[in-house]
$ cat coords.cif   # mmCIF, C-alpha atoms
data_data
loop_
_atom_site.label_atom_id
_atom_site.label_comp_id
_atom_site.auth_asym_id
_atom_site.auth_seq_id
_atom_site.Cartn_x
_atom_site.Cartn_y
_atom_site.Cartn_z
CA MET A 210 -126.66 140.78 137.79
CA ARG A 211 -124.07 139.94 135.17
CA GLU A 212 -120.60 141.19 136.12
CA PHE A 213 -117.66 141.47 133.75
CA LYS A 214 -114.02 142.04 134.64
CA ILE A 215 -112.45 144.65 132.38
CA ALA A 216 -108.74 145.50 132.18
CA ALA A 217 -108.25 149.15 131.18
CA ILE A 218 -104.91 150.12 129.63
CA PRO A 219 -104.95 153.82 128.63
CA ALA A 220 -101.21 153.63 127.74
CA ASP A 221 -99.96 156.73 125.91
CA GLY A 222 -100.97 160.15 124.61
CA ILE A 223 -104.68 160.74 124.17
CA GLY A 224 -105.29 157.17 125.27
CA LYS A 225 -105.06 158.57 128.80
CA GLU A 226 -107.91 160.95 127.93
CA VAL A 227 -110.29 158.83 125.86
CA VAL A 228 -110.16 155.60 127.89
CA PRO A 229 -111.29 157.35 131.11
CA ALA A 230 -114.03 158.99 129.04
CA GLY A 231 -115.03 155.58 127.70
CA LEU A 232 -115.07 154.06 131.16
CA GLU A 233 -117.25 156.92 132.42
CA VAL A 234 -119.72 156.30 129.60
CA LEU A 235 -119.76 152.53 130.14
CA ALA A 236 -120.25 152.93 133.90
CA ALA A 237 -123.18 155.29 133.35
CA LEU A 238 -124.63 152.92 130.76
CA ALA A 239 -124.37 149.99 133.17
CA ARG A 240 -126.22 151.98 135.84
CA CYS A 241 -128.86 152.93 133.32
CA ASP A 242 -129.28 149.37 132.06
CA GLY A 243 -129.31 147.74 135.49
CA GLY A 244 -128.65 144.26 134.16
CA PHE A 245 -124.87 144.20 134.13
CA ALA A 246 -121.88 145.73 135.89
CA LEU A 247 -118.28 146.28 134.87
CA ASN A 248 -115.54 145.58 137.40
CA VAL A 249 -112.66 147.65 136.00
CA GLU A 250 -109.00 147.44 136.92
CA SER A 251 -106.63 149.95 135.32
CA PHE A 252 -102.98 149.31 134.43
CA ASP A 253 -100.39 152.07 133.99
CA TRP A 254 -98.43 150.23 131.32
CA GLY A 255 -97.02 152.15 128.36
CA SER A 256 -94.19 154.50 127.50
CA ASP A 257 -94.03 156.13 130.94
CA TYR A 258 -93.77 152.65 132.47
CA TYR A 259 -91.00 151.87 129.96
CA LYS A 260 -89.01 154.94 130.96
CA GLN A 261 -89.10 153.79 134.56
CA HIS A 262 -88.64 150.03 134.12
CA GLY A 263 -87.14 149.46 130.66
CA ILE A 264 -90.16 147.41 129.53
CA MET A 265 -93.62 148.45 128.33
CA MET A 266 -95.45 146.03 130.63
CA PRO A 267 -94.30 143.76 133.47
CA ALA A 268 -93.06 140.25 132.71
CA ASN A 269 -96.17 138.75 134.30
CA GLY A 270 -98.48 141.19 132.52
CA ARG A 271 -100.11 138.60 130.32
CA GLU A 272 -100.78 136.37 133.30
CA LEU A 273 -102.44 139.30 135.04
CA LEU A 274 -104.68 139.94 132.02
CA LYS A 275 -105.85 136.34 131.59
CA LYS A 276 -108.46 136.65 134.35
CA PHE A 277 -110.35 139.45 132.58
CA ASN A 278 -113.33 139.13 130.25
CA ALA A 279 -112.04 141.89 127.98
CA ILE A 280 -109.35 144.54 127.62
CA TYR A 281 -110.13 148.21 126.92
CA PHE A 282 -107.07 149.78 125.33
CA GLY A 283 -106.14 153.38 124.49
CA ALA A 284 -103.15 154.03 122.27
CA VAL A 285 -99.43 153.33 122.25
CA GLY A 286 -96.49 155.43 121.13
CA THR A 287 -94.49 158.46 122.21
CA PRO A 288 -92.05 160.75 120.36
CA ASP A 289 -89.08 159.89 122.56
CA VAL A 290 -89.31 156.07 122.46
CA PRO A 291 -88.83 154.15 119.16
CA ASP A 292 -92.16 152.99 117.74
CA HIS A 293 -91.06 149.38 117.32
CA ILE A 294 -90.36 149.22 121.05
CA THR A 295 -93.69 150.67 122.11
CA LEU A 296 -95.78 148.67 119.63
CA TRP A 297 -94.10 145.28 120.12
CA GLY A 298 -93.66 145.83 123.83
CA LEU A 299 -97.34 146.35 124.59
CA ARG A 300 -100.07 146.17 121.97
CA LEU A 301 -98.63 143.41 119.78
CA ASN A 302 -97.36 141.65 122.89
CA ILE A 303 -100.97 141.32 124.02
CA CYS A 304 -102.55 140.64 120.62
CA GLN A 305 -100.16 137.88 119.66
CA SER A 306 -99.89 136.25 123.07
CA PHE A 307 -103.67 136.06 123.37
CA ASP A 308 -104.10 134.86 119.77
CA GLN A 309 -106.37 137.77 118.91
CA TYR A 310 -106.17 136.81 115.28
CA ALA A 311 -109.30 138.58 114.01
CA ASN A 312 -109.04 142.34 113.97
CA VAL A 313 -112.46 143.74 113.07
CA ARG A 314 -112.87 147.35 112.00
CA PRO A 315 -116.36 148.59 111.05
CA THR A 316 -116.52 151.74 108.97
CA ARG A 317 -119.57 153.81 108.14
CA ILE A 318 -120.54 157.44 107.82
CA LEU A 319 -122.23 158.40 111.07
CA PRO A 320 -125.08 160.95 111.11
CA GLY A 321 -123.88 164.53 110.88
CA ILE A 322 -120.42 163.61 109.59
CA LYS A 323 -119.30 164.44 106.07
CA SER A 324 -117.11 162.19 103.99
CA PRO A 325 -114.32 163.85 101.99
CA LEU A 326 -115.68 161.90 99.03
CA GLY A 327 -118.32 164.57 98.65
CA ASN A 328 -121.55 163.16 97.28
CA VAL A 329 -121.16 159.66 98.70
CA GLN A 330 -124.24 158.46 100.59
CA ALA A 331 -124.10 156.78 103.98
CA LYS A 332 -125.61 153.62 102.47
CA ASP A 333 -122.69 153.46 100.03
CA LEU A 334 -120.02 153.39 102.73
CA ASP A 335 -120.93 150.76 105.28
CA TRP A 336 -118.03 148.34 105.50
CA VAL A 337 -116.41 145.91 107.89
CA ILE A 338 -112.70 145.28 107.37
CA VAL A 339 -111.35 142.01 108.77
CA ARG A 340 -107.61 142.12 109.35
CA GLU A 341 -105.54 138.99 109.89
CA ASN A 342 -103.95 139.96 113.18
CA SER A 343 -101.46 137.25 114.13
CA GLU A 344 -99.03 136.60 111.29
CA GLY A 345 -98.45 137.88 107.75
CA GLU A 346 -96.18 140.90 107.47
CA TYR A 347 -96.24 141.53 111.24
CA ALA A 348 -95.14 138.06 112.27
CA GLY A 349 -91.93 139.46 113.72
CA GLN A 350 -89.69 137.16 111.73
CA GLY A 351 -86.40 138.48 110.34
CA GLY A 352 -83.23 140.14 111.48
CA ARG A 353 -80.23 142.31 110.65
CA SER A 354 -76.68 141.35 109.82
CA HIS A 355 -73.44 143.33 109.34
CA ARG A 356 -74.86 146.33 111.17
CA GLY A 357 -73.29 149.64 110.21
CA PHE A 358 -71.41 148.24 107.21
CA PRO A 359 -72.27 148.95 103.57
CA GLU A 360 -73.22 145.30 103.24
CA GLU A 361 -75.80 145.51 106.06
CA VAL A 362 -78.83 143.33 105.44
CA ALA A 363 -82.26 143.60 107.08
CA THR A 364 -85.04 141.07 106.47
CA GLU A 365 -88.71 141.26 107.43
CA VAL A 366 -90.29 137.94 106.58
CA ALA A 367 -94.03 137.68 106.02
CA ILE A 368 -95.35 134.41 107.43
CA PHE A 369 -98.51 132.79 106.07
CA THR A 370 -99.67 129.48 107.50
CA ARG A 371 -102.52 127.36 106.21
CA THR A 372 -104.04 127.37 109.68
CA GLY A 373 -103.76 131.14 110.05
CA VAL A 374 -105.14 131.96 106.61
CA ARG A 375 -107.94 129.42 106.77
CA ARG A 376 -109.24 130.61 110.13
CA ILE A 377 -109.31 134.28 109.12
CA MET A 378 -111.03 133.41 105.83
CA ARG A 379 -113.67 131.36 107.65
CA PHE A 380 -114.18 134.22 110.09
CA ALA A 381 -114.55 136.75 107.25
CA PHE A 382 -116.91 134.60 105.20
CA ALA A 383 -119.06 133.94 108.28
CA LEU A 384 -119.17 137.67 109.05
CA ALA A 385 -120.15 138.46 105.46
CA GLN A 386 -122.82 135.77 105.69
CA SER A 387 -124.30 137.53 108.74
CA ARG A 388 -124.63 140.88 106.95
CA PRO A 389 -127.52 141.75 104.63
CA ARG A 390 -125.51 141.90 101.39
CA LYS A 391 -123.62 138.63 102.03
CA PHE A 392 -120.71 139.94 100.00
CA LEU A 393 -116.97 139.63 100.68
CA THR A 394 -113.95 141.15 98.95
CA VAL A 395 -110.66 139.32 99.44
CA VAL A 396 -107.68 141.69 99.16
CA THR A 397 -104.46 140.23 97.79
CA LYS A 398 -101.17 141.02 96.09
CA SER A 399 -100.57 137.63 94.52
CA ASN A 400 -99.38 139.06 91.23
CA ALA A 401 -96.13 140.15 92.90
CA GLN A 402 -96.01 138.05 96.08
CA ARG A 403 -96.11 134.63 94.49
CA HIS A 404 -95.87 132.33 97.51
CA GLY A 405 -97.73 133.45 100.64
CA MET A 406 -100.30 135.50 98.77
CA VAL A 407 -100.96 132.82 96.18
CA MET A 408 -101.70 130.44 99.03
CA TRP A 409 -103.92 133.17 100.52
CA ASP A 410 -105.93 133.23 97.27
CA GLU A 411 -106.14 129.45 97.07
CA ILE A 412 -107.42 129.10 100.61
CA ALA A 413 -109.97 131.87 100.02
CA ALA A 414 -111.39 129.84 97.13
CA GLU A 415 -111.43 126.67 99.24
CA VAL A 416 -113.29 128.37 102.11
CA ALA A 417 -115.71 130.06 99.72
CA ALA A 418 -117.07 126.62 98.84
CA GLU A 419 -118.25 126.29 102.45
CA PHE A 420 -120.34 129.47 102.10
CA PRO A 421 -122.33 129.10 98.89
CA ASP A 422 -124.70 131.93 99.87
CA VAL A 423 -121.83 134.44 100.10
CA THR A 424 -120.80 136.21 96.90
CA TRP A 425 -117.14 137.13 96.81
CA ASP A 426 -114.53 138.77 94.64
CA LYS A 427 -110.79 139.37 94.74
CA MET A 428 -108.91 142.66 94.50
CA LEU A 429 -105.25 143.62 94.36
CA VAL A 430 -104.47 145.90 97.28
CA ASP A 431 -103.34 148.85 95.16
CA ALA A 432 -106.48 148.68 93.04
CA MET A 433 -108.47 148.37 96.25
CA THR A 434 -107.51 151.90 97.31
CA VAL A 435 -108.98 153.18 94.05
CA ARG A 436 -112.16 151.15 94.47
CA MET A 437 -112.62 152.39 98.04
CA THR A 438 -112.44 156.02 96.94
CA LEU A 439 -114.22 155.87 93.60
CA LYS A 440 -116.74 153.04 94.04
CA PRO A 441 -117.39 152.66 97.79
CA GLY A 442 -120.86 151.26 97.21
CA THR A 443 -119.38 148.15 95.58
CA LEU A 444 -117.86 147.01 98.90
CA ASP A 445 -119.28 145.49 102.08
CA THR A 446 -117.13 143.02 104.04
CA ILE A 447 -113.39 143.03 103.34
CA VAL A 448 -110.63 140.66 104.42
CA ALA A 449 -106.94 141.45 104.08
CA THR A 450 -103.53 140.62 105.51
CA ASN A 451 -102.08 142.23 108.61
CA LEU A 452 -100.26 145.01 106.73
CA HIS A 453 -102.77 145.53 103.93
CA ALA A 454 -105.75 145.82 106.27
CA ASP A 455 -103.80 148.08 108.62
CA ILE A 456 -103.35 150.57 105.79
CA LEU A 457 -106.78 150.15 104.20
CA SER A 458 -108.63 150.56 107.49
CA ASP A 459 -106.98 153.94 108.13
CA LEU A 460 -108.01 155.00 104.63
CA ALA A 461 -111.52 153.74 105.35
CA ALA A 462 -111.72 155.78 108.56
CA ALA A 463 -110.59 158.91 106.75
CA LEU A 464 -113.18 158.34 104.02
CA ALA A 465 -115.85 158.03 106.71
CA GLY A 466 -114.94 161.48 108.03
CA SER A 467 -112.23 161.09 110.67
CA ILE A 468 -109.83 158.54 112.07
CA GLY A 469 -111.03 159.73 115.49
CA ILE A 470 -114.34 157.90 115.17
CA ALA A 471 -113.04 154.49 114.11
CA PRO A 472 -113.22 151.47 116.46
CA THR A 473 -111.39 148.16 116.58
CA ALA A 474 -111.97 144.75 118.10
CA ASN A 475 -108.97 142.42 118.44
CA LEU A 476 -110.81 139.14 118.83
CA ASN A 477 -109.87 135.72 120.04
CA PRO A 478 -113.02 134.14 118.56
CA GLU A 479 -112.62 130.89 120.50
CA ARG A 480 -112.57 132.95 123.76
CA THR A 481 -109.57 131.01 125.05
CA PHE A 482 -108.12 134.41 125.97
CA PRO A 483 -109.65 137.85 126.51
CA SER A 484 -110.23 140.03 123.47
CA MET A 485 -109.10 143.66 123.29
CA PHE A 486 -111.04 146.73 122.12
CA GLU A 487 -109.49 150.05 121.11
CA PRO A 488 -109.89 153.11 118.87
CA ILE A 489 -107.57 153.11 115.88
CA HIS A 490 -106.44 156.75 116.07
CA GLY A 491 -103.10 156.31 117.84
CA SER A 492 -101.57 158.37 120.63
CA ALA A 493 -101.81 161.76 118.80
CA PHE A 494 -99.23 163.62 120.87
CA ASP A 495 -99.90 166.81 118.89
CA ILE A 496 -103.19 167.23 120.74
CA THR A 497 -102.40 165.38 124.00
CA GLY A 498 -103.42 167.34 127.07
CA LYS A 499 -105.58 169.83 125.15
CA GLY A 500 -108.84 168.09 126.02
CA ILE A 501 -110.00 168.00 122.40
CA ALA A 502 -109.44 164.33 121.50
CA ASN A 503 -112.46 162.74 119.83
CA PRO A 504 -113.73 159.98 122.15
CA ILE A 505 -116.24 158.56 119.65
CA GLY A 506 -113.87 155.83 118.43
CA THR A 507 -113.36 154.73 122.03
CA PHE A 508 -117.12 154.75 122.70
CA TRP A 509 -117.79 152.75 119.53
CA SER A 510 -115.07 150.29 120.60
CA GLY A 511 -117.01 150.03 123.85
CA CYS A 512 -120.08 149.05 121.82
CA MET A 513 -118.06 146.27 120.22
CA MET A 514 -116.86 145.15 123.64
CA LEU A 515 -120.44 145.01 124.94
CA ASP A 516 -121.48 142.99 121.88
CA HIS A 517 -118.65 140.56 122.56
CA LEU A 518 -119.79 140.23 126.18
CA GLY A 519 -123.35 139.48 125.08
CA GLU A 520 -124.80 142.85 126.17
CA LYS A 521 -126.28 143.62 122.76
CA LYS A 522 -129.17 145.73 124.05
CA ALA A 523 -126.80 148.04 125.93
CA SER A 524 -124.48 148.17 122.92
CA ALA A 525 -127.32 149.23 120.65
CA ARG A 526 -128.41 151.89 123.15
CA LEU A 527 -124.90 153.31 123.28
CA MET A 528 -124.63 153.30 119.48
CA ARG A 529 -127.91 155.22 119.18
CA ALA A 530 -126.55 157.78 121.64
CA ILE A 531 -123.33 158.11 119.65
CA GLU A 532 -125.32 158.74 116.46
CA ARG A 533 -127.50 161.35 118.16
CA VAL A 534 -124.40 163.20 119.30
CA THR A 535 -122.55 163.06 115.96
CA ALA A 536 -125.72 164.31 114.24
CA ASN A 537 -125.27 167.63 116.07
CA PRO A 538 -122.41 169.69 114.55
CA ALA A 539 -122.17 171.68 117.79
CA LEU A 540 -120.90 168.47 119.42
CA HIS A 541 -118.11 167.84 116.90
CA THR A 542 -114.49 167.87 118.06
CA PRO A 543 -111.84 169.71 115.97
CA ASP A 544 -110.99 166.65 113.87
CA LEU A 545 -114.55 166.91 112.54
CA GLY A 546 -114.33 170.67 112.05
CA GLY A 547 -116.00 171.57 115.36
CA LYS A 548 -115.00 173.10 118.67
CA ALA A 549 -116.37 170.59 121.19
CA THR A 550 -114.11 169.09 123.83
CA THR A 551 -113.71 165.49 124.94
CA ARG A 552 -115.59 166.42 128.12
CA ILE A 553 -118.53 167.94 126.22
CA VAL A 554 -118.89 164.94 123.89
CA THR A 555 -118.70 162.50 126.80
CA ALA A 556 -121.42 164.31 128.74
CA ALA A 557 -123.59 164.56 125.63
CA VAL A 558 -123.39 160.82 124.92
CA ILE A 559 -124.34 159.99 128.50
CA ALA A 560 -127.26 162.42 128.36
CA ALA A 561 -128.37 160.91 125.05
CA PHE A 562 -128.66 157.31 126.26
CA GLN A 563 -130.18 158.42 129.55
CA ALA A 564 -132.88 160.23 127.55
CA ASP A 565 -133.31 157.14 125.38
CA HIS A 566 -133.84 155.07 128.52
CA ALA A 567 -136.34 157.46 130.13
#
$ encode --input "coords.cif" --output "structure tokens"
Amino acid sequence: MREFKIAAIPADGIGKEVVPAGLEVLAALARCDGGFALNVESFDWGSDYYKQHGIMMPANGRELLKKFNAIYFGAVGTPDVPDHITLWGLRLNICQSFDQYANVRPTRILPGIKSPLGNVQAKDLDWVIVRENSEGEYAGQGGRSHRGFPEEVATEVAIFTRTGVRRIMRFAFALAQSRPRKFLTVVTKSNAQRHGMVMWDEIAAEVAAEFPDVTWDKMLVDAMTVRMTLKPGTLDTIVATNLHADILSDLAAALAGSIGIAPTANLNPERTFPSMFEPIHGSAFDITGKGIANPIGTFWSGCMMLDHLGEKKASARLMRAIERVTANPALHTPDLGGKATTRIVTAAVIAAFQADHA
């Protein structure tokens, strides 16, 4: 039997509700499949840990995580700790240290879910957004001088390296090549950002020559928001910088019906380090503890984790179960306009893949 070591980090807010739900689903799926097992170790890192220890994760946290095949992450952030502390102290600490430079966010309209775009068809909104996840606007370069004085200066420097841009472009073109439409849109802002983003465009053109069977186009990020809402069928695979893709992927999730259903894979494609899988919805403290968080994004992230681990049959079975559940409006959580609870959706997904297996 194939056994995989999984590090679970629920972290903050509804992460503490949806990650246990995801682990319950994955454990049941493993029992149903019979060909693999997940050896899960949970870590209590996050804002509560910070309040006790002054850091979001222990100093040797990354060393502890290296032995795992994958990381299953919840959400980070709390109202009483500054966001830059929680984000940089845990999630970005892991992503950057483990060189998880390819953030992959699939977006599509699942059965039974309505897009706010109205008459858009499911076939017209089936995208994968590739986010450069290691540098760009979130490189962490900059500083502040003359604090508290009128002359105070704060800089946030976007870093673009030829190595970083080239590897994300090659990843995105290869992903587009693997999809039926073989079409990639490169998002840019090179009209205003005339150094890093111009190099971004140039490298995109260089890499495109390596993939002659992939059709590609280029779009300014502001115009991209219009295209996503008015002409969704003209898009397929999308690659953008750390900041641009962060924003566009939230828009994409909303256009697909809810940010609660959207998954993420933070990949180290070379597998030098473990990759991390998480829903994109955040800690959502307004609904924490109410038992109504939508676990679908966490389950879908679990599908991506199984794909990464080579368990594609199990991943497909789980995805079919997710689609059977979303197709039933009685199983929709409040973010989708329903009244179902996290517990009800979790049980329904398990029942769905068990029925599929029977």
$ resolve_selection --input "coords.cif" --expression "the PyMOL selection byres ((chain A and resi 535-538) around 10)" --output "list in words"
Leu319, Pro320, Gly321, Ile322, Ile470, Ile505, Ala530, Ile531, Glu532, Arg533, Val534, Ala539, Leu540, His541, Thr542, Leu545, Gly546, Gly547, Lys548, Ala549, Val554, Ala557 and Val558 of chain A
$ closest_residue --input "coords.cif" --among "A:Ile280, A:Met408, A:Ala413, A:Ala236" --to "Val448 in chain A" --atoms "only C-alpha atoms"
A:Ala413
$ resolve_selection --input "coords.cif" --expression "the PyMOL selection byres ((chain A and resi 330-346) around 8)" --output "count of residues only"
45
$ atom_distance --input "coords.cif" --atom1 "CA of Arg211 in chain A" --atom2 "CA of Arg529 in chain A"
22.4 Å
$ residues_around --input "coords.cif" --residues "range 247-250 of chain A" --least-positions-apart "2" --cutoff "8 Å" --atoms "only C-alpha atoms" --output "PyMOL selection string"
chain A and resi 212-217+235-236+239+245+252
$ resolve_selection --input "coords.cif" --expression "the PyMOL selection byres ((chain A and resi 290) around 12)" --output "PyMOL selection string"
chain A and resi 221+255-260+263-265+285-289+291-296+298
$ residues_around --input "coords.cif" --residues "range 225-233 of chain A" --least-positions-apart "4" --cutoff "10 Å" --atoms "all atoms listed in the file" --output "number ranges by chain"
A: 215, 217-221, 237-239, 247, 249, 251, 253, 281-284, 487-488, 492, 497-511, 551-552, 554-556, 559
$ residues_around --input "coords.cif" --residues "Trp425 in chain A" --least-positions-apart "2" --cutoff "6 Å" --atoms "all atoms listed in the file" --output "PDB file with C-alpha atoms, keeping the file's coordinate frame"
ATOM      1  CA  PHE A 392    -120.710 139.940 100.000  1.00  0.00           C
ATOM      2  CA  LEU A 393    -116.970 139.630 100.680  1.00  0.00           C
ATOM      3  CA  THR A 394    -113.950 141.150  98.950  1.00  0.00           C
TER       4      THR A 394
END
$ atom_distance --input "coords.cif" --atom1 "CA of Phe486 in chain A" --atom2 "CA of Ala279 in chain A"
7.7 Å
$ decode --input "coords.cif" --residues "range 518-544 of chain A" --atoms "N, CA and C atoms" --output "compact mmCIF listing (two decimals), in the first residue's frame"
# COMPACT_ATOMS: atom_id res chain seq x y z
N LEU A 518 0.18 13.72 -5.62
CA LEU A 518 0.76 12.51 -5.05
C LEU A 518 0.66 11.31 -5.98
N GLY A 519 0.03 11.50 -7.13
CA GLY A 519 -0.09 10.42 -8.11
C GLY A 519 -1.34 9.57 -7.95
N GLU A 520 -2.24 9.95 -7.02
CA GLU A 520 -3.48 9.19 -6.80
C GLU A 520 -4.60 9.80 -7.63
N LYS A 521 -4.46 9.72 -8.95
CA LYS A 521 -5.39 10.39 -9.85
C LYS A 521 -6.77 9.74 -9.86
N LYS A 522 -6.83 8.43 -9.70
CA LYS A 522 -8.12 7.76 -9.67
C LYS A 522 -8.92 8.20 -8.46
N ALA A 523 -8.29 8.26 -7.30
CA ALA A 523 -8.97 8.71 -6.09
C ALA A 523 -9.37 10.18 -6.20
N SER A 524 -8.51 10.98 -6.80
CA SER A 524 -8.82 12.40 -6.99
C SER A 524 -10.06 12.56 -7.86
N ALA A 525 -10.13 11.81 -8.94
CA ALA A 525 -11.28 11.90 -9.84
C ALA A 525 -12.56 11.44 -9.13
N ARG A 526 -12.45 10.40 -8.29
CA ARG A 526 -13.61 9.92 -7.55
C ARG A 526 -14.12 10.99 -6.59
N LEU A 527 -13.19 11.65 -5.91
CA LEU A 527 -13.58 12.71 -4.98
C LEU A 527 -14.20 13.87 -5.74
N MET A 528 -13.66 14.22 -6.89
CA MET A 528 -14.22 15.34 -7.66
C MET A 528 -15.63 15.02 -8.14
N ARG A 529 -15.88 13.78 -8.55
CA ARG A 529 -17.23 13.40 -8.95
C ARG A 529 -18.20 13.52 -7.77
N ALA A 530 -17.73 13.15 -6.59
CA ALA A 530 -18.57 13.26 -5.40
C ALA A 530 -18.88 14.72 -5.08
N ILE A 531 -17.88 15.58 -5.20
CA ILE A 531 -18.08 17.01 -4.97
C ILE A 531 -19.15 17.54 -5.93
N GLU A 532 -19.06 17.17 -7.19
CA GLU A 532 -20.00 17.66 -8.19
C GLU A 532 -21.42 17.14 -7.93
N ARG A 533 -21.53 15.90 -7.45
CA ARG A 533 -22.85 15.37 -7.13
C ARG A 533 -23.47 16.14 -5.96
N VAL A 534 -22.66 16.53 -5.02
CA VAL A 534 -23.16 17.27 -3.87
C VAL A 534 -23.53 18.70 -4.25
N THR A 535 -22.68 19.39 -5.00
CA THR A 535 -23.01 20.77 -5.38
C THR A 535 -24.23 20.83 -6.29
N ALA A 536 -24.49 19.75 -7.01
CA ALA A 536 -25.65 19.71 -7.92
C ALA A 536 -26.97 19.74 -7.16
N ASN A 537 -26.93 19.46 -5.86
CA ASN A 537 -28.14 19.42 -5.03
C ASN A 537 -28.23 20.70 -4.22
N PRO A 538 -29.15 21.61 -4.54
CA PRO A 538 -29.26 22.88 -3.80
C PRO A 538 -29.51 22.70 -2.31
N ALA A 539 -30.09 21.56 -1.92
CA ALA A 539 -30.34 21.31 -0.50
C ALA A 539 -29.04 21.12 0.28
N LEU A 540 -27.94 20.90 -0.45
CA LEU A 540 -26.64 20.69 0.18
C LEU A 540 -25.73 21.91 0.03
N HIS A 541 -26.30 23.06 -0.28
CA HIS A 541 -25.53 24.29 -0.41
C HIS A 541 -25.42 25.00 0.95
N THR A 542 -24.22 25.46 1.26
CA THR A 542 -23.99 26.26 2.46
C THR A 542 -24.46 27.71 2.21
N PRO A 543 -24.54 28.54 3.24
CA PRO A 543 -25.09 29.90 3.07
C PRO A 543 -24.39 30.75 2.02
N ASP A 544 -23.09 30.57 1.82
CA ASP A 544 -22.41 31.37 0.81
C ASP A 544 -22.96 31.10 -0.59
